[in-house]
>>> print(open('entry_11.tsv').read())   # TSV, C-alpha atoms
chain	number	residue	atom	x	y	z
A	181	MET	CA	140.92	109.04	72.99
A	182	PHE	CA	137.99	108.54	70.62
A	183	ASP	CA	135.91	111.08	68.82
A	184	PHE	CA	132.47	109.62	69.26
A	185	ASP	CA	129.73	109.56	71.84
A	186	VAL	CA	130.13	107.15	74.67
A	187	VAL	CA	127.26	105.57	76.57
A	188	ASP	CA	127.04	105.91	80.34
A	189	LEU	CA	126.68	102.55	82.06
A	190	PRO	CA	124.40	102.19	85.07
A	191	GLU	CA	125.94	102.14	88.53
A	192	THR	CA	126.94	98.70	89.71
A	193	ASP	CA	127.71	97.10	93.05
A	194	HIS	CA	130.94	95.49	91.92
A	195	VAL	CA	133.73	93.75	93.80
A	196	THR	CA	136.08	96.39	95.10
A	197	GLU	CA	139.35	97.02	96.94
A	198	GLY	CA	139.81	95.14	100.21
A	199	GLU	CA	137.28	92.45	99.34
A	200	THR	CA	138.15	88.87	98.54
A	201	ALA	CA	137.71	88.25	94.82
A	202	PRO	CA	135.20	85.45	94.15
A	203	ASP	CA	136.90	82.23	93.12
A	204	PHE	CA	135.70	80.43	89.99
A	205	THR	CA	136.60	77.52	87.75
A	206	ARG	CA	136.41	77.83	83.96
A	207	PRO	CA	138.29	76.49	80.95
A	208	LEU	CA	141.60	78.34	80.88
A	209	VAL	CA	142.96	78.65	77.37
A	210	ASN	CA	146.62	78.99	76.43
A	211	GLY	CA	148.12	78.89	72.96
A	212	GLU	CA	148.00	75.11	72.85
A	213	PHE	CA	145.12	73.68	74.84
A	214	TRP	CA	142.51	74.41	77.46
A	215	GLU	CA	141.72	72.79	80.75
A	216	ASP	CA	139.53	73.66	83.71
A	217	ALA	CA	141.39	75.88	86.13
A	218	SER	CA	140.40	78.03	89.05
A	219	LEU	CA	141.43	81.58	89.80
A	220	SER	CA	142.78	80.48	93.19
A	221	GLU	CA	145.23	78.13	91.48
A	222	LEU	CA	146.69	81.20	89.78
A	223	THR	CA	146.73	83.42	92.87
A	224	ASP	CA	148.36	80.59	94.86
A	225	GLU	CA	151.37	81.16	92.59
A	226	GLY	CA	151.45	84.94	93.08
A	227	PRO	CA	149.60	88.18	92.30
A	228	VAL	CA	147.16	88.16	89.40
A	229	CYS	CA	145.81	90.90	87.17
A	230	LEU	CA	142.32	89.77	86.16
A	231	VAL	CA	141.07	91.51	83.03
A	232	PHE	CA	137.42	91.41	81.96
A	233	TYR	CA	137.12	92.43	78.32
A	234	SER	CA	134.67	92.50	75.44
A	235	MET	CA	134.27	89.40	73.31
A	236	ASP	CA	137.14	88.24	71.12
A	237	GLY	CA	137.04	89.93	67.72
A	238	SER	CA	135.74	93.25	69.04
A	239	PHE	CA	138.08	96.20	68.63
A	240	PRO	CA	138.30	96.86	72.40
A	241	ALA	CA	139.56	93.29	72.88
A	242	THR	CA	142.29	93.93	70.33
A	243	TYR	CA	143.25	97.31	71.82
A	244	ILE	CA	143.38	96.07	75.40
A	245	TRP	CA	145.53	93.03	74.69
A	246	ASN	CA	147.88	94.92	72.40
A	247	GLU	CA	148.47	97.50	75.13
A	248	LEU	CA	148.93	94.96	77.93
A	249	GLN	CA	151.25	92.95	75.72
A	250	ASP	CA	153.30	96.03	74.80
A	251	ARG	CA	153.80	96.83	78.47
A	252	ASN	CA	155.25	93.37	79.16
A	253	LEU	CA	153.19	93.10	82.33
A	254	GLY	CA	153.47	89.34	82.16
A	255	ASP	CA	157.06	89.74	83.35
A	256	LEU	CA	155.76	91.14	86.64
A	257	LEU	CA	152.79	88.93	87.49
A	258	THR	CA	150.15	86.66	85.98
A	259	VAL	CA	147.85	88.56	83.65
A	260	VAL	CA	144.73	86.61	82.73
A	261	GLY	CA	141.64	87.57	80.73
A	262	VAL	CA	137.95	86.67	80.97
A	263	SER	CA	135.40	87.06	78.19
A	264	ILE	CA	132.28	85.28	77.01
A	265	SER	CA	134.12	83.91	73.98
A	266	THR	CA	134.55	80.19	73.52
A	267	PRO	CA	137.87	78.38	73.91
A	268	TYR	CA	138.08	78.14	70.11
A	269	ALA	CA	137.79	81.91	69.73
A	270	HIS	CA	140.37	82.38	72.50
A	271	GLU	CA	142.78	80.11	70.63
A	272	ARG	CA	142.41	82.29	67.54
A	273	LEU	CA	142.92	85.53	69.49
A	274	ILE	CA	146.01	84.18	71.23
A	275	GLU	CA	147.44	82.96	67.95
A	276	ARG	CA	146.64	86.10	65.97
A	277	ARG	CA	148.02	88.48	68.58
A	278	ASP	CA	150.87	86.17	69.54
A	279	MET	CA	149.72	86.62	73.12
A	280	ASP	CA	151.60	85.58	76.23
A	281	PHE	CA	148.45	85.66	78.35
A	282	ASP	CA	145.93	82.92	79.10
A	283	LEU	CA	142.19	83.52	78.81
A	284	PHE	CA	139.26	82.11	80.77
A	285	ALA	CA	136.18	81.21	78.71
A	286	ASP	CA	132.90	82.15	80.40
A	287	PRO	CA	130.15	82.05	77.74
A	288	ALA	CA	127.34	82.17	80.32
A	289	ASN	CA	128.84	85.35	81.85
A	290	ASP	CA	128.46	83.97	85.38
A	291	VAL	CA	131.89	85.15	86.45
A	292	ALA	CA	131.13	88.72	85.41
A	293	ARG	CA	127.89	88.52	87.37
A	294	ASP	CA	129.76	87.28	90.46
A	295	TYR	CA	131.98	90.34	90.19
A	296	GLY	CA	129.07	92.72	89.53
A	297	VAL	CA	130.41	93.80	86.13
A	298	GLU	CA	127.85	92.27	83.74
A	299	THR	CA	126.28	94.37	81.02
A	300	ASP	CA	123.71	93.79	78.27
A	301	LEU	CA	124.68	94.47	74.69
A	302	ASP	CA	122.47	96.81	72.74
A	303	GLY	CA	121.47	95.31	69.41
A	304	MET	CA	122.69	91.80	70.28
A	305	ALA	CA	119.61	90.17	71.71
A	306	GLY	CA	120.21	87.59	74.41
A	307	ILE	CA	123.91	88.32	74.77
A	308	GLU	CA	125.39	89.66	77.96
A	309	GLU	CA	129.08	90.16	78.62
A	310	PRO	CA	131.38	91.80	81.16
A	311	ARG	CA	131.86	95.53	81.04
A	312	PRO	CA	135.57	96.33	80.85
A	313	ALA	CA	137.08	95.85	84.31
A	314	THR	CA	140.48	95.15	85.80
A	315	PHE	CA	141.18	93.68	89.23
A	316	LEU	CA	144.60	93.38	90.79
A	317	LEU	CA	144.68	90.50	93.27
A	318	ASP	CA	147.30	89.43	95.77
A	319	GLU	CA	148.13	85.85	96.79
A	320	ASP	CA	145.13	85.77	99.15
A	321	ARG	CA	142.81	86.87	96.35
A	322	THR	CA	142.33	90.19	98.14
A	323	VAL	CA	141.50	92.95	95.67
A	324	ARG	CA	144.32	95.50	95.85
A	325	TYR	CA	143.11	97.63	92.96
A	326	ALA	CA	139.86	97.68	91.02
A	327	TRP	CA	138.83	99.57	87.93
A	328	VAL	CA	135.37	99.10	86.40
A	329	ALA	CA	134.17	100.95	83.31
A	330	GLU	CA	131.45	103.53	83.89
A	331	GLU	CA	130.91	104.18	80.21
A	332	TRP	CA	131.05	102.22	77.00
A	333	PRO	CA	133.41	101.87	75.33
A	334	ASP	CA	136.09	102.43	77.90
A	335	PHE	CA	139.61	101.18	78.48
A	336	PRO	CA	141.58	100.44	81.63
A	337	PRO	CA	143.72	103.37	82.84
A	338	TYR	CA	146.85	101.54	81.77
A	339	ASP	CA	149.36	103.81	83.52
A	340	ASP	CA	147.49	103.48	86.82
A	341	VAL	CA	147.19	99.72	86.41
A	342	GLU	CA	150.90	99.41	85.69
A	343	ASP	CA	151.83	101.64	88.65
A	344	GLU	CA	149.64	99.58	90.99
A	345	ILE	CA	151.16	96.37	89.68
A	346	ARG	CA	154.71	97.65	90.18
A	347	THR	CA	153.83	98.79	93.70
A	348	LEU	CA	152.33	95.41	94.54
A	349	VAL	CA	155.12	93.22	93.22
A	350	ASP	CA	158.06	95.35	94.36
B	173	MET	CA	149.32	73.71	91.65
B	174	SER	CA	147.42	71.62	94.23
B	175	ASN	CA	148.82	68.40	95.63
B	176	SER	CA	145.75	66.45	94.62
B	177	GLU	CA	146.46	67.01	90.93
B	178	PRO	CA	145.54	63.82	89.02
B	179	HIS	CA	148.54	61.92	87.70
B	180	ILE	CA	146.84	61.16	84.38
B	181	THR	CA	146.45	63.87	81.74
B	182	LEU	CA	144.24	63.19	78.75
B	183	TYR	CA	144.69	65.20	75.57
B	184	ARG	CA	141.38	65.15	73.80
B	185	LEU	CA	139.31	66.71	71.05
B	186	GLN	CA	135.75	67.78	71.70
B	187	ALA	CA	133.22	65.29	70.26
B	188	CYS	CA	135.90	62.78	69.21
B	189	PRO	CA	134.44	59.28	69.75
B	190	TYR	CA	137.87	57.73	70.27
B	191	CYS	CA	138.54	60.22	73.02
B	192	GLU	CA	135.17	59.49	74.62
B	193	ARG	CA	136.08	55.81	74.63
B	194	VAL	CA	139.13	56.58	76.73
B	195	VAL	CA	137.06	58.83	78.99
B	196	ARG	CA	134.60	55.98	79.54
B	197	THR	CA	137.43	53.65	80.48
B	198	LEU	CA	138.91	56.20	82.89
B	199	ASN	CA	135.51	56.65	84.51
B	200	ASP	CA	134.84	52.90	84.67
B	201	LEU	CA	138.14	52.42	86.45
B	202	GLY	CA	137.43	55.31	88.80
B	203	LEU	CA	140.56	57.14	87.70
B	204	ASP	CA	140.89	60.86	88.21
B	205	TYR	CA	142.35	62.72	85.24
B	206	THR	CA	142.99	66.17	83.84
B	207	SER	CA	141.30	66.96	80.52
B	208	ARG	CA	143.23	69.10	78.09
B	209	PHE	CA	141.30	69.99	74.97
B	210	VAL	CA	143.25	70.70	71.80
B	211	GLU	CA	142.49	72.15	68.39
B	212	PRO	CA	140.75	70.11	65.69
B	213	MET	CA	143.48	71.08	63.20
B	214	HIS	CA	146.05	68.33	63.35
B	215	SER	CA	148.88	70.73	62.49
B	216	GLU	CA	148.11	72.90	65.53
B	217	ARG	CA	148.43	70.18	68.15
B	218	ASN	CA	152.03	70.93	68.98
B	219	VAL	CA	151.57	70.23	72.65
B	220	VAL	CA	150.50	66.66	71.89
B	221	LYS	CA	153.46	66.19	69.57
B	222	ARG	CA	155.74	67.47	72.29
B	223	VAL	CA	154.44	65.25	75.09
B	224	ALA	CA	153.44	62.16	73.11
B	225	GLY	CA	155.79	62.26	70.13
B	226	SER	CA	153.00	62.49	67.56
B	227	ARG	CA	149.86	64.55	67.11
B	228	PRO	CA	146.89	62.12	67.11
B	229	VAL	CA	144.43	62.21	69.99
B	230	PRO	CA	143.45	60.77	72.34
B	231	ALA	CA	146.81	60.75	74.04
B	232	ILE	CA	147.54	60.25	77.69
B	233	VAL	CA	150.42	61.04	79.97
B	234	ASP	CA	150.58	58.99	83.14
B	235	GLU	CA	153.05	60.56	85.53
B	236	GLN	CA	152.75	57.69	88.00
B	237	THR	CA	154.10	55.13	85.54
B	238	GLY	CA	155.94	57.47	83.19
B	239	VAL	CA	153.89	56.11	80.30
B	240	THR	CA	152.89	58.30	77.37
B	241	MET	CA	150.60	56.79	74.79
B	242	SER	CA	148.17	57.56	71.98
B	243	GLU	CA	145.61	55.62	69.91
B	244	SER	CA	142.49	54.74	71.84
B	245	ALA	CA	142.72	50.93	71.65
B	246	ASN	CA	146.25	51.04	73.04
B	247	VAL	CA	145.29	53.49	75.74
B	248	VAL	CA	142.25	51.49	76.82
B	249	GLU	CA	144.29	48.30	76.96
B	250	TYR	CA	147.01	50.04	78.95
B	251	LEU	CA	144.55	51.50	81.44
B	252	GLU	CA	142.72	48.22	81.93
B	253	SER	CA	145.86	46.17	82.33
B	254	THR	CA	147.44	48.71	84.68
B	255	TYR	CA	144.50	49.80	86.79
B	256	GLY	CA	141.79	47.17	86.17
B	257	ASP	CA	141.06	44.02	88.17
B	258	GLY	CA	144.24	42.05	88.47
B	259	GLY	CA	146.21	45.01	87.20
B	260	ALA	CA	149.70	45.73	88.39
B	261	ARG	CA	148.63	48.75	90.50
>>> encode(input="entry_11.tsv", output="structure tokens")
Amino acid sequence: MFDFDVVDLPETDHVTEGETAPDFTRPLVNGEFWEDASLSELTDEGPVCLVFYSMDGSFPATYIWNELQDRNLGDLLTVVGVSISTPYAHERLIERRDMDFDLFADPANDVARDYGVETDLDGMAGIEEPRPATFLLDEDRTVRYAWVAEEWPDFPPYDDVEDEIRTLVD
Amino acid sequence: MSNSEPHITLYRLQACPYCERVVRTLNDLGLDYTSRFVEPMHSERNVVKRVAGSRPVPAIVDEQTGVTMSESANVVEYLESTYGDGGAR
């Protein structure tokens, strides 16, 4: 997809299929406000596609959300993002991209660490963020599909993700 | 969501002293509440306009009494008279 060298990421012991996804509570940002919410509140309502992505403003963040938006996956289930960006940055991203999806703010990157998808950023001292990762969860928070980047940059296999979502919700 | 959802929702702005005053009152009265933070830009607080009729914060929505109110002095007075000693509830 891109004509430049990618960096291999180290192996990681991440949350995977069949496991129960760790619950967490973080500010959940929509286009109008943010309030503390937990992942289990979302899964209680139905399946959830949990998307870890690079901080708001980075080009991968833009690419990922444009693609997910174009596929109208929000019609099928709850799609929700997590990045280290603040609620204010999330508000700007949602507004600029006219996004239908809510975003969790996790500046300390604890959620990524709980999922085993944290990564340091070369050239940005002291900043850690999630590596790109996508988890499809059912109502019991059981992981039905997991994709975690093994190189950087990398993007979710959108066709696979969409197929898995359609299989789960049908 | 859960059944134990607080019946009071506070629309607030980070670091706004008037909002903190309402928070103090809620805490003093032992009232559980949901915090919803909104944008500093007045023109972007459409949710507050929608629920409270105008955009200033703090604003509260009390589902138990059906009361919606903004302006901290009003809100504090309402909370104290409704939930304080000798209050109606």
>>> closest_residue(input="entry_11.tsv", among="A:Glu215, A:Glu330, A:Asp294, A:Glu247", to="chain B", atoms="all atoms listed in the file")
A:Glu215
>>> residues_around(input="entry_11.tsv", residues="Gly225 in chain B", least_positions_apart="3", cutoff="9 Å", atoms="only C-alpha atoms", output="list in words")
Val220, Lys221, Arg222, Thr240 and Met241 of chain B
>>> residues_around(input="entry_11.tsv", residues="Tyr183 in chain B", least_positions_apart="5", cutoff="12 Å", atoms="only C-alpha atoms", output="ChimeraX atom specification")
/A:212-215 /B:188,190-192,194-195,205-212,217-224,226-234,240-244,247
>>> axis_aligned_box(input="entry_11.tsv", around="range 204-210 of chain B", padding_each_side="5 Å", output="lines of an AutoDock Vina configuration file")
center_x = 142.1
center_y = 65.8
center_z = 80.0
size_x = 12.4
size_y = 19.8
size_z = 26.4
>>> closest_atom_pairs(input="entry_11.tsv", of="chain A", to="chain B", cutoff="10 Å", atoms="all atoms listed in the file", output="Markdown table")
| residue | atom | partner | partner_atom | distance |
| --- | --- | --- | --- | --- |
| A:Pro207 | CA | B:Phe209 | CA | 9.3 |
| A:Leu208 | CA | B:Arg208 | CA | 9.8 |
| A:Val209 | CA | B:Phe209 | CA | 9.1 |
| A:Gly211 | CA | B:Val219 | CA | 9.3 |
| A:Glu212 | CA | B:Val219 | CA | 6.0 |
| A:Phe213 | CA | B:Val210 | CA | 4.6 |
| A:Trp214 | CA | B:Phe209 | CA | 5.2 |
| A:Glu215 | CA | B:Arg208 | CA | 4.8 |
| A:Asp216 | CA | B:Ser207 | CA | 7.6 |
| A:Ala217 | CA | B:Met173 | CA | 9.9 |
| A:Ser220 | CA | B:Met173 | CA | 9.5 |
| A:Glu221 | CA | B:Met173 | CA | 6.0 |
| A:Leu222 | CA | B:Met173 | CA | 8.2 |
| A:Asp224 | CA | B:Met173 | CA | 7.7 |
| A:Glu225 | CA | B:Met173 | CA | 7.8 |
| A:Pro267 | CA | B:Phe209 | CA | 9.1 |
| A:Tyr268 | CA | B:Glu211 | CA | 7.6 |
| A:Glu271 | CA | B:Glu211 | CA | 8.3 |
